[in-house]
$ cat start.txt   # compact mmCIF, C-alpha atoms
# COMPACT_ATOMS: atom_id res chain seq x y z
CA MET A 1 -20.23 -0.72 32.53
CA SER A 2 -21.25 -2.65 29.46
CA VAL A 3 -19.46 -5.55 27.82
CA THR A 4 -18.25 -3.43 24.90
CA GLU A 5 -16.60 -0.98 27.26
CA VAL A 6 -14.79 -3.83 28.99
CA ILE A 7 -13.49 -5.19 25.69
CA VAL A 8 -12.36 -1.77 24.50
CA SER A 9 -10.61 -1.06 27.80
CA ILE A 10 -8.81 -4.41 27.69
CA PHE A 11 -7.46 -3.55 24.24
CA LEU A 12 -6.46 -0.08 25.43
CA LEU A 13 -4.68 -1.52 28.47
CA ILE A 14 -2.75 -4.02 26.37
CA GLY A 15 -1.77 -1.26 23.95
CA ALA A 16 -0.69 1.04 26.75
CA PHE A 17 1.26 -1.75 28.42
CA PHE A 18 3.26 -2.52 25.30
CA SER A 19 3.88 1.15 24.56
CA LEU A 20 5.24 1.45 28.10
CA LEU A 21 7.32 -1.65 27.48
CA GLY A 22 8.83 -0.05 24.40
CA ALA A 23 9.65 3.10 26.33
CA LEU A 24 11.18 1.09 29.20
CA GLY A 25 13.21 -0.88 26.69
CA LEU A 26 14.55 2.36 25.25
CA ILE A 27 15.84 3.30 28.70
CA ARG A 28 16.97 -0.06 30.03
CA LEU A 29 18.72 -1.74 27.12
CA PRO A 30 22.40 -0.95 26.68
CA ASP A 31 23.06 0.35 23.16
CA VAL A 32 21.37 1.76 20.05
CA TYR A 33 20.94 -1.60 18.36
CA ASN A 34 19.32 -3.28 21.35
CA ARG A 35 17.12 -0.23 21.85
CA ALA A 36 16.00 -0.46 18.25
CA HIS A 37 14.71 -3.93 19.10
CA ALA A 38 12.42 -2.49 21.75
CA ALA A 39 11.35 0.47 19.63
CA GLY A 40 10.71 -1.66 16.57
CA LYS A 41 8.75 -4.45 18.17
CA SER A 42 6.94 -3.34 21.31
CA SER A 43 5.89 0.09 20.12
CA THR A 44 4.49 -1.38 16.92
CA PHE A 45 2.48 -3.88 18.89
CA GLY A 46 1.28 -1.22 21.33
CA VAL A 47 0.19 1.18 18.62
CA ILE A 48 -1.61 -1.61 16.75
CA PHE A 49 -3.61 -2.46 19.87
CA LEU A 50 -4.45 1.19 20.57
CA ILE A 51 -5.75 1.63 17.02
CA LEU A 52 -7.69 -1.65 17.29
CA ALA A 53 -9.33 -0.38 20.47
CA THR A 54 -10.40 2.81 18.68
CA PHE A 55 -11.69 0.74 15.78
CA LEU A 56 -13.74 -1.47 18.10
CA PHE A 57 -15.11 1.52 19.99
CA PHE A 58 -16.46 3.06 16.78
CA LEU A 59 -17.63 -0.33 15.56
CA PHE A 60 -19.75 -0.80 18.69
CA THR A 61 -21.30 2.63 18.22
CA GLY A 62 -22.28 1.51 14.73
CA GLU A 63 -19.65 3.13 12.56
CA PHE A 64 -17.32 1.01 10.44
CA ASN A 65 -14.13 3.05 10.22
CA ALA A 66 -11.84 1.38 7.69
CA LYS A 67 -9.32 4.22 7.83
CA LEU A 68 -8.13 2.88 11.17
CA LEU A 69 -7.41 -0.52 9.64
CA LEU A 70 -5.36 1.26 6.99
CA ALA A 71 -3.46 3.03 9.76
CA ILE A 72 -2.60 -0.38 11.24
CA LEU A 73 -1.32 -1.51 7.85
CA PHE A 74 0.93 1.52 7.48
CA VAL A 75 2.31 1.28 11.01
CA PHE A 76 3.01 -2.37 10.38
CA LEU A 77 4.80 -1.57 7.12
CA THR A 78 6.92 1.32 8.35
CA ALA A 79 7.95 0.55 11.94
CA PRO A 80 10.38 -2.34 11.31
CA LEU A 81 11.92 -0.50 8.36
CA SER A 82 12.42 2.64 10.42
CA SER A 83 14.22 0.63 13.11
CA LEU A 84 16.36 -0.83 10.33
CA MET A 85 17.22 2.65 9.06
CA VAL A 86 18.05 3.91 12.57
CA SER A 87 20.38 1.01 13.33
CA ARG A 88 21.94 1.11 9.88
CA SER A 89 22.74 4.80 10.04
CA ALA A 90 24.05 4.28 13.59
CA HIS A 91 26.41 1.64 12.30
CA ARG A 92 27.50 3.81 9.39
CA THR A 93 28.44 6.62 11.74
CA ASP A 94 30.45 4.22 13.93
CA VAL A 95 28.25 4.14 16.97
CA PRO A 96 29.92 1.50 19.17
CA LEU A 97 28.20 -1.74 20.09
CA TYR A 98 27.50 -2.81 23.67
CA ASP A 99 30.65 -3.96 25.57
CA LYS A 100 29.52 -7.55 25.75
CA SER A 101 28.97 -7.81 22.03
CA ILE A 102 31.04 -10.63 20.64
CA ARG A 103 30.68 -10.48 16.91
CA ASP A 104 30.33 -7.85 14.20
CA ASP A 105 30.33 -9.06 10.63
CA LEU A 106 29.19 -5.75 9.25
CA GLN A 107 32.27 -4.01 10.65
CA GLU A 108 34.49 -6.34 8.64
CA THR A 109 32.78 -5.52 5.37
CA HIS A 110 33.07 -1.82 6.13
CA LYS A 111 36.78 -2.22 6.75
CA LYS A 112 37.23 -4.16 3.53
CA LYS A 113 35.52 -1.36 1.63
CA GLU A 114 37.69 1.27 3.28
CA LYS A 115 40.83 -0.67 2.39
CA LYS A 116 39.67 -0.95 -1.20
CA GLN A 117 39.03 2.78 -1.37
CA GLN A 118 42.45 3.50 0.11
CA LYS A 119 44.09 1.26 -2.46
CA GLU A 120 42.23 2.94 -5.27
CA THR A 121 43.26 6.38 -4.12
CA MET B 1 -2.23 -15.17 -12.39
CA THR B 2 -3.66 -11.93 -13.82
CA PHE B 3 -5.08 -13.94 -16.69
CA GLN B 4 -7.05 -16.13 -14.31
CA ILE B 5 -8.38 -13.13 -12.38
CA VAL B 6 -9.54 -11.48 -15.62
CA ILE B 7 -11.30 -14.68 -16.69
CA ASN B 8 -12.92 -14.92 -13.28
CA LEU B 9 -14.17 -11.33 -13.52
CA ILE B 10 -15.50 -11.93 -17.03
CA ILE B 11 -17.42 -14.98 -15.83
CA ALA B 12 -18.81 -12.99 -12.90
CA ILE B 13 -19.98 -10.11 -15.11
CA GLY B 14 -21.30 -12.59 -17.66
CA TRP B 15 -23.34 -14.22 -14.92
CA MET B 16 -24.73 -10.80 -13.99
CA PHE B 17 -25.89 -10.25 -17.57
CA PHE B 18 -27.19 -13.81 -17.76
CA THR B 19 -29.40 -13.52 -14.68
CA GLU B 20 -30.10 -9.80 -15.20
CA SER B 21 -29.34 -8.97 -11.58
CA TYR B 22 -26.91 -6.06 -11.51
CA THR B 23 -26.34 -6.11 -7.77
CA LEU B 24 -23.51 -7.02 -5.43
CA PRO B 25 -24.99 -10.41 -4.45
CA GLY B 26 -25.34 -11.24 -8.15
CA PHE B 27 -21.70 -10.34 -8.72
CA ILE B 28 -20.55 -12.44 -5.76
CA MET B 29 -22.63 -15.39 -7.00
CA GLY B 30 -21.02 -15.05 -10.43
CA TYR B 31 -17.56 -14.78 -8.90
CA ILE B 32 -18.10 -17.99 -6.92
CA LEU B 33 -19.27 -19.73 -10.10
CA GLY B 34 -16.17 -18.41 -11.86
CA ILE B 35 -13.94 -19.83 -9.12
CA LEU B 36 -15.68 -23.20 -9.45
CA SER B 37 -15.31 -23.30 -13.23
CA LEU B 38 -11.66 -22.27 -12.97
CA LEU B 39 -11.14 -25.07 -10.46
CA LEU B 40 -12.71 -27.53 -12.89
CA LEU B 41 -10.52 -26.31 -15.75
CA SER B 42 -7.33 -25.81 -13.74
CA ARG B 43 -5.82 -28.90 -15.35
CA PHE B 44 -5.73 -27.07 -18.68
CA ILE B 45 -4.23 -23.83 -17.41
CA SER B 46 -0.45 -23.93 -17.16
CA ASP B 47 -0.26 -21.58 -14.18
CA THR B 48 -1.29 -22.73 -10.70
CA PHE B 49 -4.74 -21.83 -9.45
CA TYR B 50 -4.59 -18.26 -8.19
CA LEU B 51 -6.54 -18.75 -4.97
CA LYS B 52 -3.84 -21.19 -3.92
CA ARG B 53 -1.39 -18.33 -4.13
CA LEU B 54 -3.80 -16.11 -2.22
CA PHE B 55 -3.90 -18.75 0.50
CA LYS B 56 -0.11 -18.66 0.66
CA VAL B 57 -0.22 -14.88 1.03
CA ALA B 58 -2.60 -15.37 3.95
CA THR B 59 -0.24 -17.85 5.63
CA LEU B 60 2.60 -15.36 5.17
CA ILE B 61 0.56 -12.61 6.84
CA GLY B 62 -0.25 -15.05 9.65
CA MET B 63 3.46 -15.68 10.00
CA PHE B 64 4.07 -11.92 10.39
CA PHE B 65 1.55 -11.64 13.20
CA ARG B 66 2.76 -14.77 14.97
CA ALA B 67 6.31 -13.43 14.90
CA LEU B 68 5.11 -10.09 16.26
CA ILE B 69 3.23 -11.68 19.17
CA THR B 70 5.97 -14.14 20.18
CA SER B 71 8.64 -11.45 20.02
CA ASN B 72 6.60 -9.15 22.24
CA ILE B 73 6.10 -11.85 24.85
CA ASP B 74 9.85 -12.37 24.68
CA MET B 75 10.38 -8.62 25.09
CA ILE B 76 8.45 -8.64 28.37
CA LYS B 77 10.84 -11.19 29.84
CA LEU B 78 13.85 -9.36 28.51
CA ILE B 79 13.01 -5.88 29.68
CA TYR B 80 11.76 -6.81 33.13
CA MET B 81 14.86 -8.89 33.78
CA LYS B 82 16.82 -7.57 36.78
CA LYS B 83 20.04 -7.21 34.89
CA PRO B 84 20.26 -7.68 31.14
CA GLU B 85 22.69 -10.50 30.61
CA PHE B 86 23.18 -11.35 26.99
CA GLU B 87 25.86 -11.22 24.36
CA PRO B 88 24.63 -9.33 21.30
CA GLY B 89 26.33 -9.29 17.95
CA ILE B 90 25.85 -8.67 14.26
CA PHE B 91 26.14 -11.60 11.92
CA ALA B 92 25.84 -11.99 8.17
CA LEU B 93 23.12 -14.26 6.83
CA PRO B 94 23.46 -15.47 3.25
CA THR B 95 20.14 -15.34 1.41
CA THR B 96 18.93 -16.82 -1.84
CA LEU B 97 16.22 -14.22 -2.38
CA LYS B 98 16.87 -11.80 -5.22
CA SER B 99 14.30 -9.11 -5.92
CA ASP B 100 13.75 -5.97 -3.83
CA LEU B 101 10.25 -7.01 -2.75
CA GLU B 102 11.42 -10.38 -1.44
CA ILE B 103 14.31 -8.81 0.44
CA VAL B 104 12.03 -6.21 2.03
CA MET B 105 9.61 -8.91 3.18
CA LEU B 106 12.44 -10.98 4.66
CA VAL B 107 13.83 -7.89 6.41
CA HIS B 108 10.40 -7.27 7.90
CA LEU B 109 10.00 -10.82 9.09
CA ILE B 110 13.47 -10.89 10.64
CA SER B 111 12.89 -7.58 12.40
CA LEU B 112 9.71 -8.99 13.89
CA THR B 113 11.07 -12.35 15.06
CA PRO B 114 12.20 -12.50 18.70
CA ARG B 115 15.70 -11.19 19.43
CA THR B 116 16.69 -10.47 15.86
CA LEU B 117 16.80 -7.15 14.03
CA SER B 118 18.01 -6.62 10.50
CA VAL B 119 20.61 -3.86 10.38
CA ALA B 120 21.67 -3.68 6.75
CA VAL B 121 21.41 -5.35 3.37
CA ALA B 122 24.53 -6.04 1.33
CA ARG B 123 24.71 -4.04 -1.86
CA ASP B 124 24.54 -7.13 -4.09
CA HIS B 125 21.61 -8.57 -2.09
CA SER B 126 23.60 -11.69 -1.22
CA HIS B 127 23.73 -11.13 2.54
CA LEU B 128 21.59 -9.64 5.26
CA TYR B 129 23.26 -8.26 8.37
CA ILE B 130 21.28 -9.16 11.45
CA HIS B 131 21.71 -7.90 14.98
CA ALA B 132 20.94 -10.67 17.44
CA MET B 133 20.44 -10.04 21.13
CA ASP B 134 21.78 -13.42 22.18
CA ILE B 135 24.08 -14.67 19.51
CA ASP B 136 24.81 -18.04 21.13
CA SER B 137 21.22 -19.22 21.08
CA ILE B 138 20.60 -17.92 17.60
CA GLY B 139 21.25 -21.11 15.61
CA GLU B 140 17.67 -22.26 15.88
CA THR B 141 16.35 -18.90 14.69
CA ILE B 142 18.61 -18.99 11.65
CA ASP B 143 17.23 -22.40 10.79
CA THR B 144 13.65 -21.15 10.91
CA ILE B 145 14.57 -18.08 8.85
CA LYS B 146 16.23 -20.25 6.22
CA SER B 147 13.62 -22.99 6.11
CA SER B 148 10.20 -21.46 6.72
CA PHE B 149 10.52 -17.71 6.02
CA GLU B 150 12.45 -17.85 2.77
CA GLN B 151 10.31 -20.73 1.60
CA ALA B 152 7.05 -18.91 2.34
CA ILE B 153 8.22 -15.70 0.65
CA MET B 154 9.40 -17.58 -2.41
CA GLU B 155 6.08 -19.37 -2.73
CA VAL B 156 4.28 -16.03 -2.78
CA THR B 157 6.52 -14.17 -5.18
CA ARG B 158 7.56 -16.87 -7.65
$ encode --input "start.txt" --output "structure tokens"
Amino acid sequence: MSVTEVIVSIFLLIGAFFSLLGALGLIRLPDVYNRAHAAGKSSTFGVIFLILATFLFFLFTGEFNAKLLLAILFVFLTAPLSSLMVSRSAHRTDVPLYDKSIRDDLQETHKKKEKKQQKET
Amino acid sequence: MTFQIVINLIIAIGWMFFTESYTLPGFIMGYILGILSLLLLSRFISDTFYLKRLFKVATLIGMFFRALITSNIDMIKLIYMKKPEFEPGIFALPTTLKSDLEIVMLVHLISLTPRTLSVAVARDHSHLYIHAMDIDSIGETIDTIKSSFEQAIMEVTR
């Protein structure tokens, strides 16, 4: 086994570990919002490392593949926003928070809006 | 900023004509000379030197990656805990940032910092709603968001 193979496998292992962590987080954490934490952070990190490993593998075989770097950029741009959209739409459709949650400022603004709309109608 | 880049490009292409070497190394040499002359003349240009701004963009990108790495190390602890014991909650964070681009960057940074996730943006862009995993220990995070993140984003965009 050469040095390059070792480096590439280390990157792959890190990526796989964090992807697994994201999946475990999806199962273990209590509600949608906490699960979005795991999906938004760990999976992004895992995917970035997997793509980096692919990039390094092709780099060591003598092929500079810039498309993979672009893929990292796009994953990085979209993953946090998608977790924002998931949690936002969950809150809009009244998905309840975890029992131990102690504060919800967004709920108050929603209620204010609803009261306003009721007054107007 | 665009003005300075255009001047820099003109100097670089002028250098290529001057030395009659129409190659990439010639262009890079000219570009470096352009940067140097802009540095010399930066006292007479009202705007700040544009590479300074580029440096700030680089620090912002570094901030993104640092947040990503620390939050993932935090995630390991959190997910492999025997029983998740924390008190999550959603709180409103007042922000001074105005334009869409600034808000999007702040939302990104907050989503990537440990234990915080932005859930929604108020319609008038005055507040961000942030879901925190442990709302008691969040005071410190809010301070860093207010002081370093907003500051860094403002320095890039304004």
$ closest_atom_pairs --input "start.txt" --of "chain A" --to "chain B" --cutoff "8 Å" --atoms "only C-alpha atoms" --output "JSON lines"
{"residue": "A:Leu21", "atom": "CA", "partner": "B:Ile76", "partner_atom": "CA", "distance": 7.1}
{"residue": "A:Leu24", "atom": "CA", "partner": "B:Ile79", "partner_atom": "CA", "distance": 7.2}
{"residue": "A:Gly25", "atom": "CA", "partner": "B:Ile79", "partner_atom": "CA", "distance": 5.8}
{"residue": "A:Arg28", "atom": "CA", "partner": "B:Ile79", "partner_atom": "CA", "distance": 7.0}
{"residue": "A:Leu29", "atom": "CA", "partner": "B:Pro84", "partner_atom": "CA", "distance": 7.3}
{"residue": "A:Tyr33", "atom": "CA", "partner": "B:His131", "partner_atom": "CA", "distance": 7.2}
{"residue": "A:Asn34", "atom": "CA", "partner": "B:Met133", "partner_atom": "CA", "distance": 6.9}
{"residue": "A:Ala36", "atom": "CA", "partner": "B:Leu117", "partner_atom": "CA", "distance": 8.0}
{"residue": "A:His37", "atom": "CA", "partner": "B:Leu117", "partner_atom": "CA", "distance": 6.4}
{"residue": "A:Ala38", "atom": "CA", "partner": "B:Met75", "partner_atom": "CA", "distance": 7.3}
{"residue": "A:Gly40", "atom": "CA", "partner": "B:Ser111", "partner_atom": "CA", "distance": 7.6}
{"residue": "A:Lys41", "atom": "CA", "partner": "B:Leu112", "partner_atom": "CA", "distance": 6.3}
{"residue": "A:Ser42", "atom": "CA", "partner": "B:Asn72", "partner_atom": "CA", "distance": 5.9}
{"residue": "A:Phe45", "atom": "CA", "partner": "B:Leu68", "partner_atom": "CA", "distance": 7.2}
{"residue": "A:Pro80", "atom": "CA", "partner": "B:Ser111", "partner_atom": "CA", "distance": 5.9}
{"residue": "A:Leu81", "atom": "CA", "partner": "B:His108", "partner_atom": "CA", "distance": 7.0}
{"residue": "A:Leu84", "atom": "CA", "partner": "B:Val119", "partner_atom": "CA", "distance": 5.2}
{"residue": "A:Met85", "atom": "CA", "partner": "B:Val119", "partner_atom": "CA", "distance": 7.5}
{"residue": "A:Ser87", "atom": "CA", "partner": "B:Val119", "partner_atom": "CA", "distance": 5.7}
{"residue": "A:Arg88", "atom": "CA", "partner": "B:Val119", "partner_atom": "CA", "distance": 5.2}
{"residue": "A:Tyr98", "atom": "CA", "partner": "B:Pro88", "partner_atom": "CA", "distance": 7.5}
{"residue": "A:Lys100", "atom": "CA", "partner": "B:Glu87", "partner_atom": "CA", "distance": 5.4}
{"residue": "A:Ser101", "atom": "CA", "partner": "B:Pro88", "partner_atom": "CA", "distance": 4.7}
{"residue": "A:Ile102", "atom": "CA", "partner": "B:Gly89", "partner_atom": "CA", "distance": 5.6}
{"residue": "A:Arg103", "atom": "CA", "partner": "B:Gly89", "partner_atom": "CA", "distance": 4.6}
{"residue": "A:Asp104", "atom": "CA", "partner": "B:Ile90", "partner_atom": "CA", "distance": 4.6}
{"residue": "A:Asp105", "atom": "CA", "partner": "B:Phe91", "partner_atom": "CA", "distance": 5.1}
{"residue": "A:Leu106", "atom": "CA", "partner": "B:Tyr129", "partner_atom": "CA", "distance": 6.5}
$ residues_around --input "start.txt" --residues "Lys56 of chain B" --least-positions-apart "4" --cutoff "9 Å" --atoms "only C-alpha atoms" --output "ChimeraX atom specification"
/B:51-52,60-61,152-153,155-156
$ write_last_selection --input "start.txt" --atoms "C-alpha atoms" --output "PDB file, in the coordinates of the input"
ATOM      1  CA  LEU B  51      -6.540 -18.750  -4.970  1.00  0.00           C
ATOM      2  CA  LYS B  52      -3.840 -21.190  -3.920  1.00  0.00           C
ATOM      3  CA  LEU B  60       2.600 -15.360   5.170  1.00  0.00           C
ATOM      4  CA  ILE B  61       0.560 -12.610   6.840  1.00  0.00           C
ATOM      5  CA  ALA B 152       7.050 -18.910   2.340  1.00  0.00           C
ATOM      6  CA  ILE B 153       8.220 -15.700   0.650  1.00  0.00           C
ATOM      7  CA  GLU B 155       6.080 -19.370  -2.730  1.00  0.00           C
ATOM      8  CA  VAL B 156       4.280 -16.030  -2.780  1.00  0.00           C
TER       9      VAL B 156
END
$ atom_distance --input "start.txt" --atom1 "atom CA of Met16 of chain B" --atom2 "atom CA of Ile32 of chain B"
12.1 Å
$ atom_distance --input "start.txt" --atom1 "atom CA of Leu33 of chain B" --atom2 "atom CA of Phe3 of chain B"
16.7 Å
$ atom_distance --input "start.txt" --atom1 "atom CA of Lys116 of chain A" --atom2 "atom CA of His127 of chain B"
19.3 Å
$ residues_near_point --input "start.txt" --point "(21.9, -15.8, 0.0)" --cutoff "9 Å" --atoms "all atoms listed in the file" --output "PDB file with C-alpha atoms, in the frame of the given file"
ATOM      1  CA  LEU B  93      23.120 -14.260   6.830  1.00  0.00           C
ATOM      2  CA  PRO B  94      23.460 -15.470   3.250  1.00  0.00           C
ATOM      3  CA  THR B  95      20.140 -15.340   1.410  1.00  0.00           C
ATOM      4  CA  THR B  96      18.930 -16.820  -1.840  1.00  0.00           C
ATOM      5  CA  LEU B  97      16.220 -14.220  -2.380  1.00  0.00           C
ATOM      6  CA  LYS B  98      16.870 -11.800  -5.220  1.00  0.00           C
ATOM      7  CA  HIS B 125      21.610  -8.570  -2.090  1.00  0.00           C
ATOM      8  CA  SER B 126      23.600 -11.690  -1.220  1.00  0.00           C
ATOM      9  CA  HIS B 127      23.730 -11.130   2.540  1.00  0.00           C
ATOM     10  CA  LEU B 128      21.590  -9.640   5.260  1.00  0.00           C
TER      11      LEU B 128
END
$ residues_near_point --input "start.txt" --point "(-1.9, -2.1, 24.3)" --cutoff "8 Å" --atoms "only C-alpha atoms" --output "VMD selection string"
chain A and resid 11 to 19 45 to 50
